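Asks: Below is the file start34.cif, with mmCIF, N, CA and C atoms.
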```
data_upload
loop_
_atom_site.label_atom_id
_atom_site.label_comp_id
_atom_site.auth_asym_id
_atom_site.auth_seq_id
_atom_site.Cartn_x
_atom_site.Cartn_y
_atom_site.Cartn_z
N MET A 1 122.00 91.91 48.74
CA MET A 1 122.46 91.94 50.12
C MET A 1 122.01 90.66 50.80
N SER A 2 122.91 90.09 51.59
CA SER A 2 122.56 88.88 52.29
C SER A 2 121.87 89.22 53.61
N HIS A 3 121.11 88.28 54.09
CA HIS A 3 120.38 88.45 55.35
C HIS A 3 121.25 87.97 56.50
N LEU A 4 121.32 88.76 57.54
CA LEU A 4 122.04 88.35 58.75
C LEU A 4 121.09 87.65 59.69
N GLY A 5 121.51 86.52 60.20
CA GLY A 5 120.67 85.78 61.12
C GLY A 5 120.47 86.53 62.43
N LYS A 6 121.53 87.13 62.95
CA LYS A 6 121.45 87.85 64.21
C LYS A 6 122.35 89.08 64.10
N VAL A 7 121.79 90.25 64.25
CA VAL A 7 122.57 91.48 64.20
C VAL A 7 123.25 91.67 65.55
N LEU A 8 124.59 91.78 65.53
CA LEU A 8 125.35 91.94 66.76
C LEU A 8 125.60 93.41 67.08
N TYR A 9 125.66 94.24 66.08
CA TYR A 9 125.94 95.66 66.28
C TYR A 9 125.56 96.41 65.02
N THR A 10 125.07 97.61 65.17
CA THR A 10 124.78 98.48 64.04
C THR A 10 125.55 99.78 64.22
N ALA A 11 126.46 100.05 63.30
CA ALA A 11 127.21 101.31 63.33
C ALA A 11 126.34 102.38 62.70
N LYS A 12 126.28 103.53 63.36
CA LYS A 12 125.49 104.64 62.84
C LYS A 12 126.38 105.86 62.70
N THR A 13 126.50 106.36 61.48
CA THR A 13 127.28 107.56 61.22
C THR A 13 126.49 108.51 60.33
N HIS A 14 126.88 109.77 60.39
CA HIS A 14 126.27 110.81 59.57
C HIS A 14 127.41 111.51 58.83
N THR A 15 127.34 111.55 57.51
CA THR A 15 128.38 112.16 56.69
C THR A 15 127.78 113.27 55.85
N THR A 16 128.50 114.39 55.79
CA THR A 16 128.09 115.51 54.96
C THR A 16 129.23 115.88 54.03
N GLY A 17 128.90 116.37 52.86
CA GLY A 17 129.89 116.94 51.95
C GLY A 17 130.76 115.99 51.17
N GLY A 18 130.73 114.69 51.47
CA GLY A 18 131.58 113.75 50.75
C GLY A 18 133.05 113.93 51.08
N ARG A 19 133.90 113.40 50.23
CA ARG A 19 135.34 113.43 50.52
C ARG A 19 135.96 114.81 50.30
N GLU A 20 135.33 115.66 49.55
CA GLU A 20 135.87 116.99 49.28
C GLU A 20 135.43 117.97 50.37
N GLY A 21 136.13 117.97 51.49
CA GLY A 21 135.82 118.88 52.57
C GLY A 21 134.65 118.46 53.43
N GLY A 22 134.26 117.21 53.35
CA GLY A 22 133.15 116.71 54.14
C GLY A 22 133.55 116.33 55.54
N ALA A 23 132.62 115.77 56.27
CA ALA A 23 132.86 115.33 57.64
C ALA A 23 131.98 114.14 57.95
N SER A 24 132.46 113.30 58.87
CA SER A 24 131.69 112.15 59.35
C SER A 24 131.73 112.12 60.86
N ARG A 25 130.58 111.77 61.44
CA ARG A 25 130.47 111.67 62.90
C ARG A 25 129.58 110.48 63.23
N SER A 26 130.03 109.70 64.21
CA SER A 26 129.21 108.58 64.66
C SER A 26 128.18 109.10 65.67
N ASN A 27 127.10 108.35 65.83
CA ASN A 27 126.04 108.78 66.73
C ASN A 27 126.49 108.86 68.19
N ASP A 28 127.54 108.09 68.55
CA ASP A 28 128.03 108.13 69.93
C ASP A 28 129.17 109.13 70.12
N GLY A 29 129.58 109.81 69.05
CA GLY A 29 130.65 110.79 69.14
C GLY A 29 132.05 110.22 69.13
N GLY A 30 132.18 108.90 69.10
CA GLY A 30 133.50 108.27 69.09
C GLY A 30 134.29 108.56 67.82
N LEU A 31 133.59 108.80 66.74
CA LEU A 31 134.21 109.16 65.47
C LEU A 31 133.72 110.55 65.10
N ASP A 32 134.64 111.45 64.87
CA ASP A 32 134.29 112.82 64.49
C ASP A 32 135.46 113.35 63.67
N ILE A 33 135.37 113.19 62.36
CA ILE A 33 136.51 113.49 61.49
C ILE A 33 136.13 114.35 60.30
N LYS A 34 137.14 115.01 59.76
CA LYS A 34 137.02 115.73 58.50
C LYS A 34 137.54 114.83 57.41
N LEU A 35 136.91 114.89 56.25
CA LEU A 35 137.28 114.04 55.13
C LEU A 35 138.02 114.84 54.06
N SER A 36 138.85 114.13 53.29
CA SER A 36 139.57 114.78 52.20
C SER A 36 139.83 113.79 51.07
N THR A 37 140.38 114.30 50.00
CA THR A 37 140.73 113.48 48.84
C THR A 37 142.19 113.04 48.94
N PRO A 38 142.56 111.96 48.26
CA PRO A 38 143.97 111.55 48.24
C PRO A 38 144.85 112.69 47.75
N GLY A 39 146.00 112.83 48.39
CA GLY A 39 146.94 113.88 48.02
C GLY A 39 146.75 115.18 48.77
N THR A 40 145.71 115.27 49.58
CA THR A 40 145.45 116.47 50.36
C THR A 40 146.26 116.41 51.65
N SER A 41 146.92 117.50 51.99
CA SER A 41 147.67 117.52 53.25
C SER A 41 146.81 118.11 54.35
N GLY A 42 147.22 117.89 55.57
CA GLY A 42 146.48 118.42 56.71
C GLY A 42 146.07 117.33 57.66
N THR A 43 145.06 117.62 58.47
CA THR A 43 144.64 116.68 59.51
C THR A 43 143.38 115.91 59.15
N SER A 44 142.93 116.02 57.93
CA SER A 44 141.72 115.29 57.52
C SER A 44 142.07 113.85 57.17
N THR A 45 141.04 113.03 57.04
CA THR A 45 141.20 111.60 56.77
C THR A 45 140.65 111.26 55.39
N ILE A 46 141.36 110.42 54.68
CA ILE A 46 140.92 109.93 53.38
C ILE A 46 140.04 108.71 53.64
N PRO A 47 138.85 108.63 53.04
CA PRO A 47 137.93 107.51 53.31
C PRO A 47 138.55 106.12 53.16
N GLU A 48 139.48 105.96 52.22
CA GLU A 48 140.11 104.65 52.05
C GLU A 48 140.94 104.27 53.27
N GLN A 49 141.47 105.27 53.99
CA GLN A 49 142.20 104.98 55.22
C GLN A 49 141.24 104.43 56.28
N LEU A 50 140.05 105.00 56.35
CA LEU A 50 139.04 104.50 57.30
C LEU A 50 138.63 103.07 56.95
N PHE A 51 138.44 102.83 55.65
CA PHE A 51 138.09 101.49 55.18
C PHE A 51 139.16 100.49 55.62
N ALA A 52 140.45 100.84 55.38
CA ALA A 52 141.55 99.95 55.74
C ALA A 52 141.61 99.71 57.24
N ALA A 53 141.49 100.76 58.03
CA ALA A 53 141.57 100.62 59.49
C ALA A 53 140.44 99.75 60.03
N GLY A 54 139.23 99.99 59.57
CA GLY A 54 138.09 99.20 60.02
C GLY A 54 138.21 97.74 59.63
N TRP A 55 138.61 97.51 58.37
CA TRP A 55 138.75 96.15 57.87
C TRP A 55 139.81 95.41 58.67
N LEU A 56 140.96 96.05 58.91
CA LEU A 56 142.03 95.37 59.63
C LEU A 56 141.69 95.11 61.08
N ALA A 57 140.98 96.00 61.72
CA ALA A 57 140.56 95.75 63.10
C ALA A 57 139.69 94.50 63.17
N CYS A 58 138.75 94.38 62.25
CA CYS A 58 137.88 93.20 62.21
C CYS A 58 138.65 91.95 61.82
N PHE A 59 139.54 92.07 60.83
CA PHE A 59 140.30 90.92 60.36
C PHE A 59 141.24 90.40 61.45
N LEU A 60 141.85 91.31 62.19
CA LEU A 60 142.73 90.89 63.28
C LEU A 60 141.95 90.15 64.36
N SER A 61 140.75 90.61 64.64
CA SER A 61 139.89 89.88 65.60
C SER A 61 139.56 88.50 65.07
N ALA A 62 139.31 88.39 63.77
CA ALA A 62 139.02 87.08 63.17
C ALA A 62 140.23 86.16 63.24
N ILE A 63 141.44 86.70 63.06
CA ILE A 63 142.65 85.89 63.19
C ILE A 63 142.77 85.37 64.62
N LYS A 64 142.45 86.20 65.60
CA LYS A 64 142.50 85.76 66.99
C LYS A 64 141.51 84.62 67.25
N ILE A 65 140.33 84.71 66.67
CA ILE A 65 139.34 83.64 66.79
C ILE A 65 139.86 82.37 66.13
N ALA A 66 140.42 82.50 64.92
CA ALA A 66 140.96 81.35 64.19
C ALA A 66 142.09 80.70 64.97
N ALA A 67 142.97 81.51 65.57
CA ALA A 67 144.09 80.97 66.34
C ALA A 67 143.58 80.23 67.58
N HIS A 68 142.58 80.80 68.24
CA HIS A 68 142.02 80.14 69.42
C HIS A 68 141.43 78.77 69.04
N LYS A 69 140.68 78.74 67.94
CA LYS A 69 140.08 77.46 67.50
C LYS A 69 141.14 76.44 67.12
N ALA A 70 142.26 76.92 66.53
CA ALA A 70 143.32 76.02 66.10
C ALA A 70 144.34 75.74 67.20
N LYS A 71 144.10 76.34 68.39
CA LYS A 71 144.99 76.18 69.53
C LYS A 71 146.42 76.65 69.21
N VAL A 72 146.49 77.80 68.52
CA VAL A 72 147.77 78.44 68.19
C VAL A 72 147.92 79.66 69.09
N ALA A 73 149.00 79.71 69.85
CA ALA A 73 149.26 80.87 70.72
C ALA A 73 149.84 81.99 69.88
N LEU A 74 149.18 83.14 69.93
CA LEU A 74 149.65 84.30 69.16
C LEU A 74 150.65 85.10 69.97
N PRO A 75 151.64 85.68 69.28
CA PRO A 75 152.58 86.55 69.98
C PRO A 75 151.92 87.87 70.35
N ALA A 76 152.50 88.60 71.27
CA ALA A 76 151.95 89.89 71.69
C ALA A 76 152.03 90.92 70.57
N GLU A 77 152.96 90.76 69.65
CA GLU A 77 153.20 91.74 68.60
C GLU A 77 152.40 91.46 67.33
N VAL A 78 151.19 91.02 67.45
CA VAL A 78 150.35 90.74 66.29
C VAL A 78 150.01 92.05 65.58
N ALA A 79 150.20 92.07 64.24
CA ALA A 79 149.91 93.29 63.48
C ALA A 79 149.55 92.94 62.05
N ILE A 80 148.81 93.84 61.41
CA ILE A 80 148.50 93.71 59.99
C ILE A 80 148.72 95.07 59.35
N ASP A 81 149.36 95.07 58.20
CA ASP A 81 149.50 96.27 57.38
C ASP A 81 148.64 96.09 56.15
N ALA A 82 148.00 97.17 55.72
CA ALA A 82 147.16 97.11 54.52
C ALA A 82 147.54 98.21 53.56
N GLU A 83 147.39 97.91 52.30
CA GLU A 83 147.47 98.90 51.24
C GLU A 83 146.16 98.79 50.47
N VAL A 84 145.38 99.85 50.47
CA VAL A 84 144.10 99.87 49.78
C VAL A 84 144.22 100.81 48.59
N ASP A 85 143.96 100.30 47.41
CA ASP A 85 144.04 101.08 46.19
C ASP A 85 142.65 101.51 45.75
N LEU A 86 142.52 102.77 45.38
CA LEU A 86 141.32 103.30 44.73
C LEU A 86 141.67 103.42 43.27
N GLY A 87 140.87 102.83 42.41
CA GLY A 87 141.18 102.86 40.99
C GLY A 87 139.95 102.92 40.11
N LEU A 88 140.21 102.99 38.82
CA LEU A 88 139.16 102.99 37.81
C LEU A 88 139.30 101.76 36.94
N ASP A 89 138.18 101.17 36.59
CA ASP A 89 138.16 100.04 35.67
C ASP A 89 136.97 100.23 34.75
N GLY A 90 137.24 100.65 33.54
CA GLY A 90 136.16 100.86 32.58
C GLY A 90 135.19 101.95 32.99
N GLY A 91 135.67 102.97 33.68
CA GLY A 91 134.81 104.07 34.11
C GLY A 91 134.15 103.87 35.46
N ALA A 92 134.33 102.69 36.06
CA ALA A 92 133.74 102.42 37.38
C ALA A 92 134.85 102.45 38.44
N TYR A 93 134.55 103.06 39.57
CA TYR A 93 135.51 103.08 40.67
C TYR A 93 135.52 101.74 41.39
N GLY A 94 136.67 101.38 41.90
CA GLY A 94 136.79 100.13 42.64
C GLY A 94 137.92 100.20 43.65
N LEU A 95 137.92 99.27 44.57
CA LEU A 95 138.95 99.16 45.58
C LEU A 95 139.62 97.80 45.48
N SER A 96 140.92 97.77 45.69
CA SER A 96 141.63 96.51 45.84
C SER A 96 142.56 96.67 47.04
N ALA A 97 142.93 95.56 47.63
CA ALA A 97 143.73 95.64 48.85
C ALA A 97 144.73 94.50 48.93
N ARG A 98 145.82 94.80 49.61
CA ARG A 98 146.83 93.81 49.94
C ARG A 98 147.03 93.85 51.45
N LEU A 99 147.04 92.67 52.07
CA LEU A 99 147.23 92.58 53.52
C LEU A 99 148.55 91.88 53.81
N ASN A 100 149.28 92.38 54.79
CA ASN A 100 150.51 91.76 55.24
C ASN A 100 150.35 91.46 56.73
N VAL A 101 150.10 90.19 57.03
CA VAL A 101 149.87 89.75 58.41
C VAL A 101 151.21 89.43 59.05
N SER A 102 151.46 90.00 60.22
CA SER A 102 152.71 89.78 60.94
C SER A 102 152.43 89.07 62.26
N LEU A 103 152.86 87.82 62.33
CA LEU A 103 152.75 87.02 63.55
C LEU A 103 154.13 86.46 63.85
N PRO A 104 155.01 87.27 64.45
CA PRO A 104 156.39 86.85 64.71
C PRO A 104 156.47 85.53 65.47
N GLY A 105 157.37 84.66 64.98
CA GLY A 105 157.60 83.39 65.65
C GLY A 105 156.68 82.26 65.19
N ILE A 106 155.74 82.56 64.30
CA ILE A 106 154.83 81.53 63.80
C ILE A 106 155.18 81.22 62.35
N GLU A 107 155.24 79.95 62.01
CA GLU A 107 155.62 79.53 60.66
C GLU A 107 154.66 80.12 59.62
N ARG A 108 155.24 80.45 58.46
CA ARG A 108 154.49 81.09 57.38
C ARG A 108 153.24 80.29 56.99
N GLU A 109 153.34 78.97 56.94
CA GLU A 109 152.20 78.14 56.55
C GLU A 109 151.07 78.25 57.57
N VAL A 110 151.42 78.34 58.84
CA VAL A 110 150.42 78.47 59.90
C VAL A 110 149.77 79.85 59.81
N VAL A 111 150.57 80.88 59.58
CA VAL A 111 150.03 82.23 59.41
C VAL A 111 149.05 82.27 58.24
N GLN A 112 149.42 81.63 57.13
CA GLN A 112 148.55 81.61 55.95
C GLN A 112 147.25 80.88 56.26
N ARG A 113 147.34 79.77 56.98
CA ARG A 113 146.13 79.01 57.34
C ARG A 113 145.21 79.85 58.24
N LEU A 114 145.80 80.57 59.20
CA LEU A 114 145.01 81.42 60.08
C LEU A 114 144.37 82.57 59.30
N ALA A 115 145.12 83.16 58.37
CA ALA A 115 144.58 84.24 57.55
C ALA A 115 143.44 83.73 56.66
N ASP A 116 143.60 82.54 56.09
CA ASP A 116 142.55 81.96 55.25
C ASP A 116 141.28 81.70 56.07
N THR A 117 141.47 81.16 57.28
CA THR A 117 140.33 80.90 58.16
C THR A 117 139.67 82.20 58.57
N ALA A 118 140.48 83.23 58.88
CA ALA A 118 139.93 84.53 59.26
C ALA A 118 139.12 85.12 58.11
N HIS A 119 139.58 84.93 56.90
CA HIS A 119 138.85 85.42 55.72
C HIS A 119 137.47 84.77 55.63
N GLU A 120 137.40 83.49 55.95
CA GLU A 120 136.12 82.77 55.92
C GLU A 120 135.19 83.24 57.02
N LEU A 121 135.78 83.61 58.18
CA LEU A 121 134.98 84.08 59.31
C LEU A 121 134.33 85.41 58.97
#
```
Would you mind giving the structure from this file in structure tokens?
Replies:
Amino acid sequence: MSHLGKVLYTAKTHTTGGREGGASRSNDGGLDIKLSTPGTSGTSTIPEQLFAAGWLACFLSAIKIAAHKAKVALPAEVAIDAEVDLGLDGGAYGLSARLNVSLPGIEREVVQRLADTAHEL
């Protein structure tokens, strides 16, 4: 684990039961969900969906920072779609992801540059 020079925020959550009928709640009550496994129907959340949502929220903020530094005006319709795969590789679980950044009206090369910079941030 790398050392952070300055901690800006610490997320605190409590999870019970794991993905099979478990639940997670943040210390401030902002997050209070039931967990489930992929393929389960109902109102529960699959942990990989939470991973994708959290990652994209942070990544989109990083794109905004990158655009500001590069003096690129972002459109109001900024969005990112993610597909997060849960898989097995030699008996070990792993995640892989694909991101589709949508910045209407901005050239593909500029979008790629902003995404690359956001990744570094």
Asks: If the PyMOL selection byres ((chain A and resi 112-118) around 8) is run on the structure shown, which residues does it catch, given as a VMD selection string?
Replies: chain A and resid 58 to 67 101 106 to 111 119 to 121
Asks: Skip A:Ala82 itself and residues of its chain fewer than 6 positions away, then list as a count of residues only all residues within 7 Å of it, counting only N, CA and C atoms.
Replies: 5
Asks: Find the residues around A:Glu48 up to 8 Å (all atoms listed in the file counted), leave out those fewer than 4 positions away in its own chain, and share them as number ranges by chain.
Replies: A: 36, 38, 52-54, 84-86
Asks: Identify all residues of stretch 69-118 of chain A in alpha helix (DSSP H) (DSSP on the backbone) and supply them as a tab-separated table (two decimals) with N, CA and C atoms, in the coordinates of the input.
Replies:
```tsv
chain	number	residue	atom	x	y	z
A	69	LYS	N	140.68	78.74	67.94
A	69	LYS	CA	140.08	77.46	67.50
A	69	LYS	C	141.14	76.44	67.12
A	70	ALA	N	142.26	76.92	66.53
A	70	ALA	CA	143.32	76.02	66.10
A	70	ALA	C	144.34	75.74	67.20
A	108	ARG	N	155.24	80.45	58.46
A	108	ARG	CA	154.49	81.09	57.38
A	108	ARG	C	153.24	80.29	56.99
A	109	GLU	N	153.34	78.97	56.94
A	109	GLU	CA	152.20	78.14	56.55
A	109	GLU	C	151.07	78.25	57.57
A	110	VAL	N	151.42	78.34	58.84
A	110	VAL	CA	150.42	78.47	59.90
A	110	VAL	C	149.77	79.85	59.81
A	111	VAL	N	150.57	80.88	59.58
A	111	VAL	CA	150.03	82.23	59.41
A	111	VAL	C	149.05	82.27	58.24
A	112	GLN	N	149.42	81.63	57.13
A	112	GLN	CA	148.55	81.61	55.95
A	112	GLN	C	147.25	80.88	56.26
A	113	ARG	N	147.34	79.77	56.98
A	113	ARG	CA	146.13	79.01	57.34
A	113	ARG	C	145.21	79.85	58.24
A	114	LEU	N	145.80	80.57	59.20
A	114	LEU	CA	145.01	81.42	60.08
A	114	LEU	C	144.37	82.57	59.30
A	115	ALA	N	145.12	83.16	58.37
A	115	ALA	CA	144.58	84.24	57.55
A	115	ALA	C	143.44	83.73	56.66
A	116	ASP	N	143.60	82.54	56.09
A	116	ASP	CA	142.55	81.96	55.25
A	116	ASP	C	141.28	81.70	56.07
A	117	THR	N	141.47	81.16	57.28
A	117	THR	CA	140.33	80.90	58.16
A	117	THR	C	139.67	82.20	58.57
A	118	ALA	N	140.48	83.23	58.88
A	118	ALA	CA	139.93	84.53	59.26
A	118	ALA	C	139.12	85.12	58.11
```
Asks: When the PyMOL selection byres (((chain A and resi 11 and name CA) around 12) and name CA) is applied to the structure above, which residues does it catch, written out as a list in words?
Replies: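 On this input, the PyMOL selection byres (((chain A and resi 11 and name CA) around 12) and name CA) captures Val7, Leu8, Tyr9, Thr10, Lys12, Thr13, His14, Arg25, Ser26, Asn27, Asp28, Gly29, Gly30, Leu31 and Gly54 of chain A.
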Asks: Find the residues around A:Leu103 up to 8 Å (all atoms listed in the file counted), leave out those fewer than 5 positions away in its own chain, and share them as a list in words.
Replies: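 Selected residues are Leu74, Pro75, Ala76, Glu77, Val78, Ala79, Ile80 and Val111 of chain A.
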Asks: Name the closest residue to A:Leu56 among the candidates A:Gly18, A:Gly90, A:Asp81, A:Gly5; distances are taken between atoms, counting all atoms listed in the file.
Replies: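 With all atoms listed in the file as the atom set, the closest residue is A:Asp81.
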Asks: Here is a test: counting all atoms listed in the file, which residue of A:Arg19, A:Leu88, A:His68, A:Gly105 is nearest to A:Ile46?
Replies: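 Going through A:Arg19, A:Leu88, A:His68, A:Gly105 one by one, the smallest distance to A:Ile46 is for A:Arg19.
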Asks: Hey, can you check how far atom N of A:Trp55 sits from atom C of A:Ser96?
Replies: 12.0 Å
Asks: Report, in Å with one decimal, the straight-line distance from atom CA of A:Gly94 to atom N of A:Phe51.
Replies: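 Atom-to-atom, atom CA of A:Gly94 and atom N of A:Phe51 are spaced 13.4 Å apart.
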Asks: For a quick check of understanding, using all atoms listed in the file, which of A:Leu4, A:Ala57, A:Leu50, A:Leu35 has the smallest distance to A:Gly21?
Replies: A:Leu35
Asks: So the first atom is atom CA of A:Glu20 and the second is atom CA of A:Ser44; what is the distance between them in Å, to one decimal place?
Replies: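 Here the two named atoms are 10.2 Å from each other.
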